[in-house]
>>> print(open('entry_17.cif').read())   # mmCIF, C-alpha atoms and all ligand atoms
data_target
loop_
_atom_site.group_PDB
_atom_site.id
_atom_site.type_symbol
_atom_site.label_atom_id
_atom_site.label_comp_id
_atom_site.auth_asym_id
_atom_site.auth_seq_id
_atom_site.Cartn_x
_atom_site.Cartn_y
_atom_site.Cartn_z
ATOM 1 C CA MET A 1 0.000 0.000 0.000
ATOM 2 C CA PHE A 2 1.057 3.566 -0.639
ATOM 3 C CA ILE A 3 -0.806 6.133 1.417
ATOM 4 C CA ALA A 4 -2.872 4.204 3.983
ATOM 5 C CA HIS A 5 -0.197 3.034 6.436
ATOM 6 C CA LEU A 6 0.070 6.280 8.399
ATOM 7 C CA PRO A 7 -3.698 6.997 8.595
ATOM 8 C CA ALA A 8 -4.399 3.372 9.535
ATOM 9 C CA GLY A 9 -1.717 3.641 12.209
ATOM 10 C CA TYR A 10 -3.397 6.771 13.541
ATOM 11 C CA LEU A 11 -6.783 5.035 13.768
ATOM 12 C CA LEU A 12 -5.314 1.942 15.452
ATOM 13 C CA THR A 13 -3.196 3.872 17.955
ATOM 14 C CA ARG A 14 -6.097 6.155 18.760
ATOM 15 C CA GLN A 15 -8.182 3.124 19.708
ATOM 16 C CA MET A 16 -5.368 1.774 21.885
ATOM 17 C CA ALA A 17 -4.983 5.112 23.672
ATOM 18 C CA ARG A 18 -8.650 5.770 24.410
ATOM 19 C CA LYS A 19 -8.232 5.369 28.166
ATOM 20 C CA ARG A 20 -4.629 6.479 28.438
ATOM 21 C CA GLU A 21 -4.859 10.235 28.401
ATOM 22 C CA THR A 22 -1.396 10.894 29.825
ATOM 23 C CA ALA A 23 0.426 8.506 27.473
ATOM 24 C CA TRP A 24 -1.442 9.632 24.360
ATOM 25 C CA ARG A 25 1.294 11.672 22.733
ATOM 26 C CA GLY A 26 3.982 9.071 23.328
ATOM 27 C CA LEU A 27 1.719 6.287 22.086
ATOM 28 C CA LEU A 28 0.821 8.287 19.007
ATOM 29 C CA ALA A 29 4.491 8.931 18.247
ATOM 30 C CA VAL A 30 5.397 5.240 18.615
ATOM 31 C CA GLY A 31 2.303 4.099 16.721
ATOM 32 C CA LEU A 32 2.801 6.440 13.772
ATOM 33 C CA LEU A 33 6.521 5.663 13.524
ATOM 34 C CA CYS A 34 5.899 1.910 13.600
ATOM 35 C CA SER A 35 3.038 2.167 11.107
ATOM 36 C CA VAL A 36 5.652 2.982 8.457
ATOM 37 C CA LEU A 37 8.794 1.492 10.056
ATOM 38 C CA PRO A 38 9.015 -1.616 7.801
ATOM 39 C CA ASP A 39 9.206 0.651 4.733
ATOM 40 C CA PHE A 40 12.396 2.294 5.975
ATOM 41 C CA ASP A 41 13.968 -0.650 4.164
ATOM 42 C CA LEU A 42 13.331 1.279 0.929
ATOM 43 C CA ILE A 43 16.477 3.272 1.734
ATOM 44 C CA TYR A 44 18.498 0.034 1.634
ATOM 45 C CA PHE A 45 16.511 -1.119 -1.410
ATOM 46 C CA TYR A 46 17.456 1.938 -3.493
ATOM 47 C CA VAL A 47 20.824 2.993 -2.037
ATOM 48 C CA VAL A 48 22.573 -0.286 -1.204
ATOM 49 C CA ASP A 49 20.749 -3.146 -2.922
ATOM 50 C CA HIS A 50 20.061 -1.151 -6.122
ATOM 51 C CA ARG A 51 16.586 -2.745 -6.447
ATOM 52 C CA ARG A 52 17.936 -6.288 -6.873
ATOM 53 C CA THR A 53 15.641 -7.824 -4.213
ATOM 54 C CA LEU A 54 12.033 -6.808 -3.630
ATOM 55 C CA HIS A 55 11.922 -4.932 -0.352
ATOM 56 C CA HIS A 56 8.992 -7.112 0.773
ATOM 57 C CA ASP A 57 11.517 -9.969 0.870
ATOM 58 C CA TYR A 58 13.747 -8.265 3.442
ATOM 59 C CA TRP A 59 13.537 -9.329 7.111
ATOM 60 C CA THR A 60 11.946 -5.944 7.782
ATOM 61 C CA HIS A 61 8.798 -7.305 6.123
ATOM 62 C CA THR A 62 8.698 -10.589 8.066
ATOM 63 C CA PRO A 63 6.229 -10.638 10.990
ATOM 64 C CA LEU A 64 8.127 -13.217 13.058
ATOM 65 C CA PHE A 65 11.167 -10.931 13.243
ATOM 66 C CA TRP A 66 9.109 -8.109 14.738
ATOM 67 C CA ILE A 67 7.257 -10.448 17.110
ATOM 68 C CA ALA A 68 10.599 -11.775 18.378
ATOM 69 C CA ALA A 69 12.002 -8.245 18.727
ATOM 70 C CA ALA A 70 8.903 -7.121 20.647
ATOM 71 C CA ALA A 71 9.151 -10.175 22.910
ATOM 72 C CA VAL A 72 12.763 -9.360 23.762
ATOM 73 C CA ILE A 73 12.003 -5.687 24.439
ATOM 74 C CA GLY A 74 8.944 -6.659 26.496
ATOM 75 C CA LEU A 75 10.984 -9.117 28.547
ATOM 76 C CA VAL A 76 13.648 -6.486 29.237
ATOM 77 C CA LEU A 77 10.962 -4.053 30.406
ATOM 78 C CA LEU A 78 9.396 -6.681 32.672
ATOM 79 C CA VAL A 79 12.719 -7.703 34.208
ATOM 80 C CA SER A 80 13.675 -4.077 34.801
ATOM 81 C CA GLY A 81 10.363 -3.318 36.507
ATOM 82 C CA LYS A 82 8.987 -1.077 33.760
ATOM 83 C CA ARG A 83 5.778 -2.966 33.122
ATOM 84 C CA GLU A 84 3.848 0.290 32.486
ATOM 85 C CA ARG A 85 5.872 0.810 29.298
ATOM 86 C CA LEU A 86 4.681 -2.437 27.732
ATOM 87 C CA ILE A 87 1.812 -0.533 26.107
ATOM 88 C CA PHE A 88 4.369 1.192 23.877
ATOM 89 C CA VAL A 89 5.744 -2.180 22.758
ATOM 90 C CA TRP A 90 2.195 -3.328 22.011
ATOM 91 C CA ALA A 91 1.452 -0.150 20.082
ATOM 92 C CA GLY A 92 4.611 -0.589 18.045
ATOM 93 C CA LEU A 93 4.103 -4.284 17.353
ATOM 94 C CA LEU A 94 0.420 -3.986 16.434
ATOM 95 C CA ASN A 95 1.151 -1.105 14.074
ATOM 96 C CA ILE A 96 3.911 -3.075 12.378
ATOM 97 C CA LEU A 97 1.672 -6.136 12.019
ATOM 98 C CA LEU A 98 -1.081 -3.893 10.632
ATOM 99 C CA HIS A 99 1.433 -2.537 8.118
ATOM 100 C CA LEU A 100 2.355 -6.064 7.014
ATOM 101 C CA ALA A 101 -1.307 -7.115 6.812
ATOM 102 C CA MET A 102 -2.027 -4.106 4.592
ATOM 103 C CA ASP A 103 1.003 -4.912 2.447
ATOM 104 C CA SER A 104 -0.314 -8.448 2.145
ATOM 105 C CA VAL A 105 -3.363 -7.150 0.254
ATOM 106 C CA ALA A 106 -1.384 -6.518 -2.917
ATOM 107 C CA ALA A 107 2.131 -7.846 -2.267
ATOM 108 C CA ASP A 108 3.817 -11.076 -1.217
ATOM 109 C CA ILE A 109 4.467 -11.214 2.515
ATOM 110 C CA ARG A 110 6.166 -14.231 4.086
ATOM 111 C CA TRP A 111 4.119 -14.418 7.292
ATOM 112 C CA PHE A 112 5.933 -17.434 8.736
ATOM 113 C CA TYR A 113 9.497 -16.817 7.483
ATOM 114 C CA PRO A 114 11.996 -18.326 8.413
ATOM 115 C CA LEU A 115 9.767 -21.304 9.314
ATOM 116 C CA SER A 116 8.148 -21.257 5.885
ATOM 117 C CA GLU A 117 8.682 -19.511 2.558
ATOM 118 C CA ALA A 118 4.915 -19.412 1.935
ATOM 119 C CA ARG A 119 3.735 -16.039 0.683
ATOM 120 C CA LEU A 120 0.379 -14.456 1.372
ATOM 121 C CA ASN A 121 -0.977 -12.062 -1.228
ATOM 122 C CA LEU A 122 -4.701 -11.336 -1.283
ATOM 123 C CA VAL A 123 -4.933 -9.608 -4.666
ATOM 124 C CA HIS A 124 -2.591 -9.920 -7.644
ATOM 125 C CA ILE A 125 -2.401 -6.590 -9.445
ATOM 126 C CA PRO A 126 -1.721 -7.020 -13.166
ATOM 127 C CA ALA A 127 1.111 -5.006 -14.758
ATOM 128 C CA ARG A 128 -0.779 -3.003 -17.407
ATOM 129 C CA TYR A 129 0.590 0.515 -17.125
ATOM 130 C CA SER A 130 3.892 2.327 -17.079
ATOM 131 C CA PRO A 131 5.356 3.642 -14.844
ATOM 132 C CA TRP A 132 4.752 0.713 -12.482
ATOM 133 C CA PHE A 133 3.026 2.632 -9.728
ATOM 134 C CA LEU A 134 0.072 3.453 -12.011
ATOM 135 C CA ASN A 135 -0.882 -0.218 -11.788
ATOM 136 C CA PHE A 136 -1.490 0.301 -8.077
ATOM 137 C CA LEU A 137 -3.001 3.791 -8.250
ATOM 138 C CA LEU A 138 -5.541 2.683 -10.892
ATOM 139 C CA HIS A 139 -6.491 -0.538 -9.089
ATOM 140 C CA TRP A 140 -9.601 -0.815 -6.862
ATOM 141 C CA THR A 141 -7.385 -1.456 -3.831
ATOM 142 C CA PHE A 142 -6.294 2.182 -4.013
ATOM 143 C CA ALA A 143 -9.925 3.177 -3.366
ATOM 144 C CA VAL A 144 -9.666 1.257 -0.071
ATOM 145 C CA GLU A 145 -6.536 3.261 0.755
ATOM 146 C CA LEU A 146 -8.380 6.498 0.036
ATOM 147 C CA MET A 147 -11.253 5.429 2.314
ATOM 148 C CA ILE A 148 -8.817 4.721 5.168
ATOM 149 C CA LEU A 149 -7.197 8.122 4.617
ATOM 150 C CA ILE A 150 -10.573 9.905 4.600
ATOM 151 C CA ALA A 151 -11.683 8.031 7.746
ATOM 152 C CA ALA A 152 -8.523 9.094 9.592
ATOM 153 C CA VAL A 153 -8.891 12.731 8.486
ATOM 154 C CA VAL A 154 -12.550 12.785 9.567
ATOM 155 C CA VAL A 155 -11.697 11.304 12.995
ATOM 156 C CA LEU A 156 -8.813 13.753 13.414
ATOM 157 C CA LEU A 157 -10.940 16.767 12.469
ATOM 158 C CA LYS A 158 -13.807 15.696 14.761
ATOM 159 C CA SER A 159 -11.318 15.253 17.576
ATOM 160 C CA ARG A 160 -9.868 18.709 17.024
ATOM 161 C CA ARG A 161 -13.308 20.303 16.918
ATOM 162 C CA LYS A 162 -14.197 18.769 20.287
ATOM 163 C CA ARG A 163 -10.912 19.508 22.012
ATOM 164 C CA GLY A 164 -9.629 22.685 20.416
ATOM 165 C CA PHE A 165 -6.371 21.767 18.754
ATOM 166 C CA ALA A 166 -5.502 18.886 21.070
ATOM 167 C CA THR A 167 -5.784 15.556 19.261
ATOM 168 C CA GLY A 168 -6.306 13.295 22.240
ATOM 169 C CA PRO A 169 -8.164 10.013 22.195
ATOM 170 C CA THR A 170 -11.067 10.703 24.525
ATOM 171 C CA THR A 171 -13.767 11.625 22.018
ATOM 172 C CA THR A 172 -16.656 9.215 21.647
ATOM 173 C CA SER A 173 -16.369 8.971 17.865
HETATM 174 ZN ZN ZN B 1 5.668 -2.206 3.590
#
>>> encode(input="entry_17.cif", output="structure tokens")
Amino acid sequence: MFIAHLPAGYLLTRQMARKRETAWRGLLAVGLLCSVLPDFDLIYFYVVDHRRTLHHDYWTHTPLFWIAAAAVIGLVLLVSGKRERLIFVWAGLLNILLHLAMDSVAADIRWFYPLSEARLNLVHIPARYSPWFLNFLLHWTFAVELMILIAAVVVLLKSRRKRGFATGPTTTS
């Protein structure tokens, strides 16, 4: 997906933070960052790998890696008596898994790598147009992305109207 990761991350994190007024800003920061974190591998893809391997095949797009990383971080927090910070690990992990689920709509994601090479891809988008990204922008899945974006903007604007310019999670919408 192209444009829906960040707005979807906003909607997800907002739900997680509904009853955590004081941690809202920190949760939002972690959630938004992690909603796009797997795609930071595009820097490696273009600068180092010179587009030889699809970036969805990097470990940054394998769910088990992130689950293991979250487990380690969570364990460290528990052992060091910082249980209250686990919500940030959850926010990060759920946003990353949401990212990978959304990628799985129109791209191959290896959900069980390294245990299995099986790839999950809900919709195969045919290569009809050039440049390549037009194939995605002109496909019906892009309409879903637009709907997610509009939903996030509507929720954000309603939140701002109720709370001035604070964007906290306590509205009933
Ligand atoms: Zn991605």
>>> residues_near_ligand(input="entry_17.cif", ligand="ligand ZN 1 (chain B)", cutoff="6 Å", atoms="all atoms listed in the file", output="list in words")
Pro38, Asp39 and Asp103 of chain A
>>> write_last_selection(input="entry_17.cif", atoms="C-alpha atoms", output="mmCIF file, keeping the file's coordinate frame")
data_model
loop_
_atom_site.group_PDB
_atom_site.id
_atom_site.type_symbol
_atom_site.label_atom_id
_atom_site.label_comp_id
_atom_site.auth_asym_id
_atom_site.auth_seq_id
_atom_site.Cartn_x
_atom_site.Cartn_y
_atom_site.Cartn_z
ATOM 1 C CA PRO A 38 9.015 -1.616 7.801
ATOM 2 C CA ASP A 39 9.206 0.651 4.733
ATOM 3 C CA ASP A 103 1.003 -4.912 2.447
#
>>> residues_around(input="entry_17.cif", residues="Asn95 (chain A)", least_positions_apart="5", cutoff="8 Å", atoms="all atoms listed in the file", output="mmCIF file with C-alpha atoms, in the coordinates of the input")
data_model
loop_
_atom_site.group_PDB
_atom_site.id
_atom_site.type_symbol
_atom_site.label_atom_id
_atom_site.label_comp_id
_atom_site.auth_asym_id
_atom_site.auth_seq_id
_atom_site.Cartn_x
_atom_site.Cartn_y
_atom_site.Cartn_z
ATOM 1 C CA GLY A 9 -1.717 3.641 12.209
ATOM 2 C CA LEU A 12 -5.314 1.942 15.452
ATOM 3 C CA THR A 13 -3.196 3.872 17.955
ATOM 4 C CA GLY A 31 2.303 4.099 16.721
ATOM 5 C CA LEU A 32 2.801 6.440 13.772
ATOM 6 C CA CYS A 34 5.899 1.910 13.600
ATOM 7 C CA SER A 35 3.038 2.167 11.107
#
>>> atom_distance(input="entry_17.cif", atom1="CA of Pro7 (chain A)", atom2="CA of Ala152 (chain A)")
5.4 Å
>>> closest_residue(input="entry_17.cif", among="A:Trp132, A:Leu94, A:Val36, A:Met102", to="Val144 (chain A)", atoms="only C-alpha atoms")
A:Met102
>>> closest_residue(input="entry_17.cif", among="A:Phe65, A:Phe40, A:Leu54, A:Ile87", to="Gly26 (chain A)", atoms="only C-alpha atoms")
A:Ile87
>>> atom_distance(input="entry_17.cif", atom1="CA of Ala107 (chain A)", atom2="CA of Asn121 (chain A)")
5.3 Å
>>> resolve_selection(input="entry_17.cif", expression="the PyMOL selection byres (((chain A and resi 42) around 12) and not hetatm)", output="PyMOL selection string")
chain A and resi 36-41+43-58+60-61
>>> resolve_selection(input="entry_17.cif", expression="the PyMOL selection byres (((chain A and resi 126) around 12) and not hetatm)", output="tab-separated table (two decimals) with C-alpha atoms, keeping the file's coordinate frame")
chain	number	residue	atom	x	y	z
A	106	ALA	CA	-1.38	-6.52	-2.92
A	107	ALA	CA	2.13	-7.85	-2.27
A	123	VAL	CA	-4.93	-9.61	-4.67
A	124	HIS	CA	-2.59	-9.92	-7.64
A	125	ILE	CA	-2.40	-6.59	-9.44
A	127	ALA	CA	1.11	-5.01	-14.76
A	128	ARG	CA	-0.78	-3.00	-17.41
A	129	TYR	CA	0.59	0.52	-17.12
A	130	SER	CA	3.89	2.33	-17.08
A	132	TRP	CA	4.75	0.71	-12.48
A	133	PHE	CA	3.03	2.63	-9.73
A	134	LEU	CA	0.07	3.45	-12.01
A	135	ASN	CA	-0.88	-0.22	-11.79
A	136	PHE	CA	-1.49	0.30	-8.08
A	137	LEU	CA	-3.00	3.79	-8.25
A	138	LEU	CA	-5.54	2.68	-10.89
A	139	HIS	CA	-6.49	-0.54	-9.09
A	140	TRP	CA	-9.60	-0.82	-6.86
>>> axis_aligned_box(input="entry_17.cif", around="region 46-52 of chain A", padding_each_side="8 Å", output="AutoDock Vina command-line options")
--center_x 19.6 --center_y -1.6 --center_z -4.0 --size_x 22.0 --size_y 25.3 --size_z 21.7
>>> closest_residue(input="entry_17.cif", among="A:Thr62, A:Ser80, A:Ser104, A:Ser159", to="Thr141 (chain A)", atoms="all atoms listed in the file")
A:Ser104
>>> atom_distance(input="entry_17.cif", atom1="CA of Phe112 (chain A)", atom2="CA of Leu64 (chain A)")
6.4 Å
>>> closest_residue(input="entry_17.cif", among="A:Val154, A:Leu146, A:Ile3, A:Leu93", to="Pro63 (chain A)", atoms="all atoms listed in the file")
A:Leu93
>>> decode(input="entry_17.cif", residues="region 122-142 of chain A", atoms="N, CA and C atoms", output="PDB file, in the first residue's frame")
ATOM      1  N   LEU A 122      -3.247 -11.258  -1.087  1.00  0.00           N
ATOM      2  CA  LEU A 122      -4.701 -11.336  -1.283  1.00  0.00           C
ATOM      3  C   LEU A 122      -5.110 -11.063  -2.725  1.00  0.00           C
ATOM      4  N   VAL A 123      -4.534 -10.021  -3.320  1.00  0.00           N
ATOM      5  CA  VAL A 123      -4.933  -9.608  -4.666  1.00  0.00           C
ATOM      6  C   VAL A 123      -3.691  -9.471  -5.549  1.00  0.00           C
ATOM      7  N   HIS A 124      -3.703 -10.089  -6.702  1.00  0.00           N
ATOM      8  CA  HIS A 124      -2.591  -9.920  -7.644  1.00  0.00           C
ATOM      9  C   HIS A 124      -2.947  -8.783  -8.605  1.00  0.00           C
ATOM     10  N   ILE A 125      -2.130  -7.755  -8.603  1.00  0.00           N
ATOM     11  CA  ILE A 125      -2.401  -6.590  -9.445  1.00  0.00           C
ATOM     12  C   ILE A 125      -1.660  -6.750 -10.767  1.00  0.00           C
ATOM     13  N   PRO A 126      -2.382  -6.806 -11.875  1.00  0.00           N
ATOM     14  CA  PRO A 126      -1.721  -7.020 -13.166  1.00  0.00           C
ATOM     15  C   PRO A 126      -0.891  -5.808 -13.588  1.00  0.00           C
ATOM     16  N   ALA A 127       0.233  -6.076 -14.275  1.00  0.00           N
ATOM     17  CA  ALA A 127       1.111  -5.006 -14.758  1.00  0.00           C
ATOM     18  C   ALA A 127       0.625  -4.549 -16.129  1.00  0.00           C
ATOM     19  N   ARG A 128      -0.208  -3.503 -16.151  1.00  0.00           N
ATOM     20  CA  ARG A 128      -0.779  -3.003 -17.407  1.00  0.00           C
ATOM     21  C   ARG A 128      -0.217  -1.652 -17.813  1.00  0.00           C
ATOM     22  N   TYR A 129       0.233  -0.874 -16.841  1.00  0.00           N
ATOM     23  CA  TYR A 129       0.590   0.515 -17.125  1.00  0.00           C
ATOM     24  C   TYR A 129       2.058   0.785 -16.802  1.00  0.00           C
ATOM     25  N   SER A 130       2.552   1.844 -17.384  1.00  0.00           N
ATOM     26  CA  SER A 130       3.892   2.327 -17.079  1.00  0.00           C
ATOM     27  C   SER A 130       3.800   3.825 -16.807  1.00  0.00           C
ATOM     28  N   PRO A 131       4.477   4.345 -15.789  1.00  0.00           N
ATOM     29  CA  PRO A 131       5.356   3.642 -14.844  1.00  0.00           C
ATOM     30  C   PRO A 131       4.585   2.695 -13.926  1.00  0.00           C
ATOM     31  N   TRP A 132       5.308   1.824 -13.249  1.00  0.00           N
ATOM     32  CA  TRP A 132       4.752   0.713 -12.482  1.00  0.00           C
ATOM     33  C   TRP A 132       3.717   1.115 -11.455  1.00  0.00           C
ATOM     34  N   PHE A 133       3.922   2.297 -10.837  1.00  0.00           N
ATOM     35  CA  PHE A 133       3.026   2.632  -9.728  1.00  0.00           C
ATOM     36  C   PHE A 133       1.598   2.938 -10.187  1.00  0.00           C
ATOM     37  N   LEU A 134       1.432   3.228 -11.494  1.00  0.00           N
ATOM     38  CA  LEU A 134       0.072   3.453 -12.011  1.00  0.00           C
ATOM     39  C   LEU A 134      -0.785   2.198 -11.874  1.00  0.00           C
ATOM     40  N   ASN A 135      -0.139   1.033 -11.951  1.00  0.00           N
ATOM     41  CA  ASN A 135      -0.882  -0.218 -11.788  1.00  0.00           C
ATOM     42  C   ASN A 135      -1.578  -0.279 -10.430  1.00  0.00           C
ATOM     43  N   PHE A 136      -0.925   0.308  -9.429  1.00  0.00           N
ATOM     44  CA  PHE A 136      -1.490   0.301  -8.077  1.00  0.00           C
ATOM     45  C   PHE A 136      -2.478   1.451  -7.895  1.00  0.00           C
ATOM     46  N   LEU A 137      -2.131   2.620  -8.428  1.00  0.00           N
ATOM     47  CA  LEU A 137      -3.001   3.791  -8.250  1.00  0.00           C
ATOM     48  C   LEU A 137      -4.321   3.628  -8.997  1.00  0.00           C
ATOM     49  N   LEU A 138      -4.330   2.859 -10.092  1.00  0.00           N
ATOM     50  CA  LEU A 138      -5.541   2.683 -10.892  1.00  0.00           C
ATOM     51  C   LEU A 138      -6.280   1.384 -10.564  1.00  0.00           C
ATOM     52  N   HIS A 139      -5.837   0.711  -9.506  1.00  0.00           N
ATOM     53  CA  HIS A 139      -6.491  -0.538  -9.089  1.00  0.00           C
ATOM     54  C   HIS A 139      -7.510  -0.230  -7.984  1.00  0.00           C
ATOM     55  N   TRP A 140      -8.557  -1.078  -7.862  1.00  0.00           N
ATOM     56  CA  TRP A 140      -9.601  -0.815  -6.862  1.00  0.00           C
ATOM     57  C   TRP A 140      -9.054  -0.788  -5.440  1.00  0.00           C
ATOM     58  N   THR A 141      -7.939  -1.457  -5.193  1.00  0.00           N
ATOM     59  CA  THR A 141      -7.385  -1.456  -3.831  1.00  0.00           C
ATOM     60  C   THR A 141      -6.962  -0.044  -3.396  1.00  0.00           C
ATOM     61  N   PHE A 142      -6.675   0.819  -4.376  1.00  0.00           N
ATOM     62  CA  PHE A 142      -6.294   2.182  -4.013  1.00  0.00           C
ATOM     63  C   PHE A 142      -7.498   2.951  -3.462  1.00  0.00           C
TER      64      PHE A 142
END
